Amino acid sequence: MVIRTYQPSDCKAILALFYDTVHTVNAADYTREQLDAWADGKADSKQWNDSLTAHYSLVAEENGRIIAFGDIDSRTGYLDRLYVHKDYQRHGAASAICDRLEQSAHGKITTHASITAKPFFEKRGYHVVRAQQVERHGVWLTNFVMEKF
């Protein structure tokens with residue numbers, strides 16, 4: 001596995017990985033309606049690329065295929081996204097990316113973790129600040145504001 005910096009040419013593969021991961025990995029914790037609201041398959045690639053370019057964004061590759069990605073706003077410490085392909089869960093990609101993202105931040109790191117991701121972040125020393133309901137396309141989803149110092 002190779003961890004490298006995000007490049008704009010990665011965006012299409014990242015959007016596909018995001019959609020597929022949400023609809024498979026997160027399916028045990030969210031309803032079909034919630035999954036469709038979270039990842040509707042119509043993500044704005046320009047908006048995603050702009051965000052990923054503005055943040056410290058990393059991808060994990062194996063045999064030339066993107067298997068995971070994550071990003072953090074190093075100024076604020078907001079860890080925005082961390083997704084791993086369904087076939088590479090628990091192979092160390094999320095930990096490897098997260099290690100490097102966390103090292104780039106100064107002080108407190110905050111994330112909004114899904115029900116599915118909450119145990120991963122707890123094992124890394126994050127604590128739950130609060131559960132919250134977020135609205136996506138008229139549908140409510142539960143996630144957790146989590147922090148690590």
# chains A, B, ... in the order shown; residues from 1 in each chain; ligands from 1
$ residues_around --residues "region 82-99 of chain A" --least-positions-apart "4" --cutoff "10 Å" --atoms "only C-alpha atoms" --output "PyMOL selection string"
chain A and resi 1-4+14+16-26+57-62+66-72+103-104+111+113+117+120-121+124
$ residues_around --residues "Glu102 (chain A)" --least-positions-apart "5" --cutoff "10 Å" --atoms "only C-alpha atoms" --output "ChimeraX atom specification"
/A:71-72,74,77-79,97,107-109,148-149
$ atom_distance --atom1 "CA of Gly125 (chain A)" --atom2 "CA of Leu141 (chain A)"
23.7 Å
$ atom_distance --atom1 "CA of His112 (chain A)" --atom2 "CA of Lys12 (chain A)"
23.5 Å
$ select_by_dssp --residues "region 55-124 of chain A" --states "alpha helix (DSSP H)" --output "ChimeraX atom specification"
/A:93-104,118-123
$ write_last_selection --atoms "C-alpha atoms" --output "compact mmCIF listing (two decimals), in the first residue's frame"
# COMPACT_ATOMS: atom_id res chain seq x y z
CA ALA A 93 -5.44 1.91 5.25
CA ALA A 94 -7.60 4.11 7.48
CA SER A 95 -5.03 4.01 10.29
CA ALA A 96 -2.16 4.83 7.93
CA ILE A 97 -3.99 7.80 6.44
CA CYS A 98 -5.29 8.98 9.81
CA ASP A 99 -1.79 8.85 11.34
CA ARG A 100 -0.51 11.29 8.73
CA LEU A 101 -3.57 13.53 8.81
CA GLU A 102 -3.37 13.84 12.59
CA GLN A 103 0.35 14.68 12.43
CA SER A 104 -0.43 17.65 10.17
CA LYS A 118 -17.25 5.85 15.87
CA PRO A 119 -15.47 2.71 17.25
CA PHE A 120 -12.47 3.33 14.94
CA PHE A 121 -12.04 6.86 16.27
CA GLU A 122 -12.58 5.78 19.88
CA LYS A 123 -9.72 3.29 19.53
$ atom_distance --atom1 "CA of Gly64 (chain A)" --atom2 "CA of Trp38 (chain A)"
27.4 Å
$ select_by_dssp --residues "region 6-123 of chain A" --states "strand (DSSP E)" --output "list in words"
Tyr56, Ser57, Leu58, Val59, Ala60, Glu61, Glu62, Arg65, Ile66, Ile67, Ala68, Phe69, Gly70, Asp71, Ile72, Asp73, Tyr78, Leu79, Asp80, Arg81, Leu82, Tyr83, Val84, Ile109, Thr110, Thr111, His112, Ala113 and Ser114 of chain A
$ residues_around --residues "Ser9 (chain A)" --least-positions-apart "3" --cutoff "12 Å" --atoms "only C-alpha atoms" --output "PDB file with N, CA, C and O atoms, in the first residue's frame"
ATOM      1  N   THR A   5      -0.227  12.073  -1.663  1.00  0.00           N
ATOM      2  CA  THR A   5      -1.058  13.269  -1.665  1.00  0.00           C
ATOM      3  C   THR A   5      -2.112  13.176  -2.775  1.00  0.00           C
ATOM      4  O   THR A   5      -1.829  12.684  -3.870  1.00  0.00           O
ATOM      5  N   TYR A   6      -3.286  13.671  -2.454  1.00  0.00           N
ATOM      6  CA  TYR A   6      -4.382  13.740  -3.422  1.00  0.00           C
ATOM      7  C   TYR A   6      -3.984  14.576  -4.632  1.00  0.00           C
ATOM      8  O   TYR A   6      -3.291  15.589  -4.507  1.00  0.00           O
ATOM      9  N   LYS A  12     -12.563  11.490  -9.595  1.00  0.00           N
ATOM     10  CA  LYS A  12     -13.592  10.570 -10.101  1.00  0.00           C
ATOM     11  C   LYS A  12     -13.557   9.249  -9.331  1.00  0.00           C
ATOM     12  O   LYS A  12     -14.605   8.739  -8.911  1.00  0.00           O
ATOM     13  N   ALA A  13     -12.374   8.689  -9.125  1.00  0.00           N
ATOM     14  CA  ALA A  13     -12.242   7.423  -8.391  1.00  0.00           C
ATOM     15  C   ALA A  13     -12.657   7.593  -6.930  1.00  0.00           C
ATOM     16  O   ALA A  13     -13.279   6.700  -6.340  1.00  0.00           O
ATOM     17  N   ILE A  14     -12.340   8.733  -6.341  1.00  0.00           N
ATOM     18  CA  ILE A  14     -12.700   8.998  -4.947  1.00  0.00           C
ATOM     19  C   ILE A  14     -14.213   9.100  -4.790  1.00  0.00           C
ATOM     20  O   ILE A  14     -14.791   8.564  -3.838  1.00  0.00           O
ATOM     21  N   LEU A  15     -14.870   9.767  -5.731  1.00  0.00           N
ATOM     22  CA  LEU A  15     -16.330   9.880  -5.660  1.00  0.00           C
ATOM     23  C   LEU A  15     -16.993   8.506  -5.773  1.00  0.00           C
ATOM     24  O   LEU A  15     -17.963   8.223  -5.060  1.00  0.00           O
ATOM     25  N   SER A  45     -18.349  17.127  -8.517  1.00  0.00           N
ATOM     26  CA  SER A  45     -16.918  16.822  -8.548  1.00  0.00           C
ATOM     27  C   SER A  45     -16.064  18.084  -8.412  1.00  0.00           C
ATOM     28  O   SER A  45     -15.000  18.034  -7.796  1.00  0.00           O
ATOM     29  N   LYS A  46     -16.513  19.211  -8.919  1.00  0.00           N
ATOM     30  CA  LYS A  46     -15.744  20.446  -8.756  1.00  0.00           C
ATOM     31  C   LYS A  46     -15.703  20.848  -7.289  1.00  0.00           C
ATOM     32  O   LYS A  46     -14.641  21.204  -6.764  1.00  0.00           O
ATOM     33  N   TRP A  48     -16.067  18.885  -4.650  1.00  0.00           N
ATOM     34  CA  TRP A  48     -15.218  17.930  -3.946  1.00  0.00           C
ATOM     35  C   TRP A  48     -13.747  18.209  -4.218  1.00  0.00           C
ATOM     36  O   TRP A  48     -12.932  18.220  -3.298  1.00  0.00           O
ATOM     37  N   ASN A  49     -13.384  18.417  -5.480  1.00  0.00           N
ATOM     38  CA  ASN A  49     -11.989  18.679  -5.810  1.00  0.00           C
ATOM     39  C   ASN A  49     -11.492  19.948  -5.121  1.00  0.00           C
ATOM     40  O   ASN A  49     -10.386  19.965  -4.581  1.00  0.00           O
ATOM     41  N   LEU A  52     -10.999  19.066  -1.417  1.00  0.00           N
ATOM     42  CA  LEU A  52      -9.849  18.179  -1.216  1.00  0.00           C
ATOM     43  C   LEU A  52      -8.534  18.896  -1.502  1.00  0.00           C
ATOM     44  O   LEU A  52      -7.525  18.651  -0.842  1.00  0.00           O
ATOM     45  N   THR A  53      -8.537  19.800  -2.465  1.00  0.00           N
ATOM     46  CA  THR A  53      -7.337  20.567  -2.795  1.00  0.00           C
ATOM     47  C   THR A  53      -7.016  21.578  -1.697  1.00  0.00           C
ATOM     48  O   THR A  53      -5.854  21.824  -1.385  1.00  0.00           O
ATOM     49  N   VAL A  59      -4.461   9.828  -0.323  1.00  0.00           N
ATOM     50  CA  VAL A  59      -5.087   8.613  -0.842  1.00  0.00           C
ATOM     51  C   VAL A  59      -4.162   7.439  -0.566  1.00  0.00           C
ATOM     52  O   VAL A  59      -2.939   7.596  -0.489  1.00  0.00           O
ATOM     53  N   ILE A  66      -7.024   3.198  -6.088  1.00  0.00           N
ATOM     54  CA  ILE A  66      -7.293   3.932  -4.857  1.00  0.00           C
ATOM     55  C   ILE A  66      -8.204   3.090  -3.975  1.00  0.00           C
ATOM     56  O   ILE A  66      -9.295   2.685  -4.390  1.00  0.00           O
TER      57      ILE A  66
END
$ closest_residue --among "A:Gln133, A:Thr110, A:Thr76, A:Arg65" --to "Asp10 (chain A)" --atoms "only C-alpha atoms"
A:Arg65
$ residues_around --residues "Thr142 (chain A)" --least-positions-apart "4" --cutoff "8 Å" --atoms "only C-alpha atoms" --output "list of chain:residue names"
A:Ser114, A:Ile115, A:Ala131, A:Gln132, A:Gln133, A:Val134
$ decode --residues "region 47-63 of chain A" --atoms "all heavy atoms" --output "mmCIF file, in the first residue's frame"
data_model
loop_
_atom_site.group_PDB
_atom_site.id
_atom_site.type_symbol
_atom_site.label_atom_id
_atom_site.label_comp_id
_atom_site.auth_asym_id
_atom_site.auth_seq_id
_atom_site.Cartn_x
_atom_site.Cartn_y
_atom_site.Cartn_z
ATOM 1 N N GLN A 47 -16.833 20.771 -6.613
ATOM 2 C CA GLN A 47 -16.892 21.121 -5.194
ATOM 3 C C GLN A 47 -15.997 20.193 -4.374
ATOM 4 O O GLN A 47 -15.255 20.640 -3.498
ATOM 5 C CB GLN A 47 -18.340 21.056 -4.706
ATOM 6 C CG GLN A 47 -18.533 21.502 -3.281
ATOM 7 C CD GLN A 47 -20.004 21.419 -2.876
ATOM 8 O OE1 GLN A 47 -20.751 20.556 -3.325
ATOM 9 N NE2 GLN A 47 -20.405 22.322 -2.001
ATOM 10 N N TRP A 48 -16.067 18.885 -4.650
ATOM 11 C CA TRP A 48 -15.218 17.930 -3.946
ATOM 12 C C TRP A 48 -13.747 18.209 -4.218
ATOM 13 O O TRP A 48 -12.932 18.220 -3.298
ATOM 14 C CB TRP A 48 -15.586 16.498 -4.349
ATOM 15 C CG TRP A 48 -16.659 15.896 -3.518
ATOM 16 C CD1 TRP A 48 -17.966 16.291 -3.442
ATOM 17 C CD2 TRP A 48 -16.524 14.802 -2.626
ATOM 18 N NE1 TRP A 48 -18.648 15.486 -2.561
ATOM 19 C CE2 TRP A 48 -17.793 14.569 -2.047
ATOM 20 C CE3 TRP A 48 -15.465 13.978 -2.262
ATOM 21 C CZ2 TRP A 48 -18.019 13.553 -1.123
ATOM 22 C CZ3 TRP A 48 -15.688 12.960 -1.357
ATOM 23 C CH2 TRP A 48 -16.949 12.764 -0.792
ATOM 24 N N ASN A 49 -13.384 18.417 -5.480
ATOM 25 C CA ASN A 49 -11.989 18.679 -5.810
ATOM 26 C C ASN A 49 -11.492 19.948 -5.121
ATOM 27 O O ASN A 49 -10.386 19.965 -4.581
ATOM 28 C CB ASN A 49 -11.802 18.791 -7.322
ATOM 29 C CG ASN A 49 -10.359 19.040 -7.692
ATOM 30 O OD1 ASN A 49 -9.481 18.209 -7.459
ATOM 31 N ND2 ASN A 49 -10.087 20.209 -8.243
ATOM 32 N N ASP A 50 -12.318 21.000 -5.131
ATOM 33 C CA ASP A 50 -11.922 22.243 -4.473
ATOM 34 C C ASP A 50 -11.671 22.010 -2.982
ATOM 35 O O ASP A 50 -10.691 22.505 -2.421
ATOM 36 C CB ASP A 50 -12.986 23.327 -4.663
ATOM 37 C CG ASP A 50 -13.066 23.838 -6.093
ATOM 38 O OD1 ASP A 50 -12.176 23.524 -6.911
ATOM 39 O OD2 ASP A 50 -14.053 24.545 -6.395
ATOM 40 N N SER A 51 -12.545 21.259 -2.342
ATOM 41 C CA SER A 51 -12.400 20.980 -0.916
ATOM 42 C C SER A 51 -11.164 20.122 -0.644
ATOM 43 O O SER A 51 -10.376 20.412 0.264
ATOM 44 C CB SER A 51 -13.655 20.281 -0.398
ATOM 45 O OG SER A 51 -13.495 19.898 0.944
ATOM 46 N N LEU A 52 -10.999 19.066 -1.417
ATOM 47 C CA LEU A 52 -9.849 18.179 -1.216
ATOM 48 C C LEU A 52 -8.534 18.896 -1.502
ATOM 49 O O LEU A 52 -7.525 18.651 -0.842
ATOM 50 C CB LEU A 52 -9.991 16.928 -2.081
ATOM 51 C CG LEU A 52 -11.092 15.966 -1.640
ATOM 52 C CD1 LEU A 52 -11.430 14.966 -2.750
ATOM 53 C CD2 LEU A 52 -10.699 15.237 -0.363
ATOM 54 N N THR A 53 -8.537 19.800 -2.465
ATOM 55 C CA THR A 53 -7.337 20.567 -2.795
ATOM 56 C C THR A 53 -7.016 21.578 -1.697
ATOM 57 O O THR A 53 -5.854 21.824 -1.385
ATOM 58 C CB THR A 53 -7.507 21.265 -4.156
ATOM 59 O OG1 THR A 53 -7.768 20.270 -5.155
ATOM 60 C CG2 THR A 53 -6.272 22.044 -4.553
ATOM 61 N N ALA A 54 -8.045 22.154 -1.093
ATOM 62 C CA ALA A 54 -7.841 23.147 -0.027
ATOM 63 C C ALA A 54 -7.350 22.505 1.268
ATOM 64 O O ALA A 54 -6.677 23.153 2.063
ATOM 65 C CB ALA A 54 -9.144 23.901 0.240
ATOM 66 N N HIS A 55 -7.692 21.231 1.481
ATOM 67 C CA HIS A 55 -7.284 20.507 2.690
ATOM 68 C C HIS A 55 -6.010 19.711 2.422
ATOM 69 O O HIS A 55 -5.581 19.561 1.284
ATOM 70 C CB HIS A 55 -8.381 19.523 3.119
ATOM 71 C CG HIS A 55 -9.622 20.193 3.589
ATOM 72 N ND1 HIS A 55 -10.789 19.505 3.753
ATOM 73 C CD2 HIS A 55 -9.898 21.468 3.955
ATOM 74 C CE1 HIS A 55 -11.726 20.326 4.200
ATOM 75 N NE2 HIS A 55 -11.210 21.525 4.317
ATOM 76 N N TYR A 56 -5.441 19.173 3.498
ATOM 77 C CA TYR A 56 -4.368 18.190 3.369
ATOM 78 C C TYR A 56 -5.080 16.866 3.119
ATOM 79 O O TYR A 56 -5.755 16.331 4.008
ATOM 80 C CB TYR A 56 -3.532 18.150 4.646
ATOM 81 C CG TYR A 56 -2.427 17.122 4.632
ATOM 82 C CD1 TYR A 56 -1.516 17.061 3.582
ATOM 83 C CD2 TYR A 56 -2.288 16.219 5.679
ATOM 84 C CE1 TYR A 56 -0.492 16.116 3.584
ATOM 85 C CE2 TYR A 56 -1.272 15.277 5.683
ATOM 86 C CZ TYR A 56 -0.374 15.233 4.629
ATOM 87 O OH TYR A 56 0.630 14.301 4.630
ATOM 88 N N SER A 57 -4.988 16.376 1.894
ATOM 89 C CA SER A 57 -5.759 15.209 1.467
ATOM 90 C C SER A 57 -4.824 14.109 0.983
ATOM 91 O O SER A 57 -3.897 14.369 0.209
ATOM 92 C CB SER A 57 -6.729 15.592 0.347
ATOM 93 O OG SER A 57 -7.591 16.627 0.773
ATOM 94 N N LEU A 58 -5.094 12.898 1.435
ATOM 95 C CA LEU A 58 -4.261 11.749 1.108
ATOM 96 C C LEU A 58 -5.098 10.633 0.507
ATOM 97 O O LEU A 58 -6.297 10.498 0.817
ATOM 98 C CB LEU A 58 -3.575 11.221 2.367
ATOM 99 C CG LEU A 58 -2.642 12.187 3.096
ATOM 100 C CD1 LEU A 58 -2.197 11.605 4.424
ATOM 101 C CD2 LEU A 58 -1.434 12.516 2.215
ATOM 102 N N VAL A 59 -4.461 9.828 -0.323
ATOM 103 C CA VAL A 59 -5.087 8.613 -0.842
ATOM 104 C C VAL A 59 -4.162 7.439 -0.566
ATOM 105 O O VAL A 59 -2.939 7.596 -0.489
ATOM 106 C CB VAL A 59 -5.400 8.697 -2.357
ATOM 107 C CG1 VAL A 59 -6.374 9.826 -2.655
ATOM 108 C CG2 VAL A 59 -4.145 8.861 -3.180
ATOM 109 N N ALA A 60 -4.769 6.284 -0.401
ATOM 110 C CA ALA A 60 -4.014 5.032 -0.295
ATOM 111 C C ALA A 60 -4.262 4.254 -1.576
ATOM 112 O O ALA A 60 -5.413 4.124 -2.009
ATOM 113 C CB ALA A 60 -4.474 4.226 0.915
ATOM 114 N N GLU A 61 -3.189 3.758 -2.146
ATOM 115 C CA GLU A 61 -3.281 2.973 -3.378
ATOM 116 C C GLU A 61 -2.704 1.589 -3.151
ATOM 117 O O GLU A 61 -1.743 1.433 -2.403
ATOM 118 C CB GLU A 61 -2.458 3.607 -4.503
ATOM 119 C CG GLU A 61 -3.080 4.781 -5.163
ATOM 120 C CD GLU A 61 -2.227 5.254 -6.349
ATOM 121 O OE1 GLU A 61 -0.984 5.124 -6.317
ATOM 122 O OE2 GLU A 61 -2.824 5.760 -7.286
ATOM 123 N N GLU A 62 -3.293 0.644 -3.817
ATOM 124 C CA GLU A 62 -2.724 -0.701 -3.862
ATOM 125 C C GLU A 62 -2.825 -1.173 -5.302
ATOM 126 O O GLU A 62 -3.920 -1.165 -5.886
ATOM 127 C CB GLU A 62 -3.473 -1.637 -2.917
ATOM 128 C CG GLU A 62 -2.722 -2.942 -2.708
ATOM 129 C CD GLU A 62 -3.197 -3.691 -1.492
ATOM 130 O OE1 GLU A 62 -2.824 -3.274 -0.373
ATOM 131 O OE2 GLU A 62 -3.927 -4.677 -1.669
ATOM 132 N N ASN A 63 -1.681 -1.529 -5.879
ATOM 133 C CA ASN A 63 -1.613 -1.943 -7.278
ATOM 134 C C ASN A 63 -2.240 -0.901 -8.199
ATOM 135 O O ASN A 63 -2.970 -1.247 -9.133
ATOM 136 C CB ASN A 63 -2.280 -3.313 -7.471
ATOM 137 C CG ASN A 63 -1.610 -4.400 -6.659
ATOM 138 O OD1 ASN A 63 -0.390 -4.442 -6.547
ATOM 139 N ND2 ASN A 63 -2.408 -5.266 -6.062
#
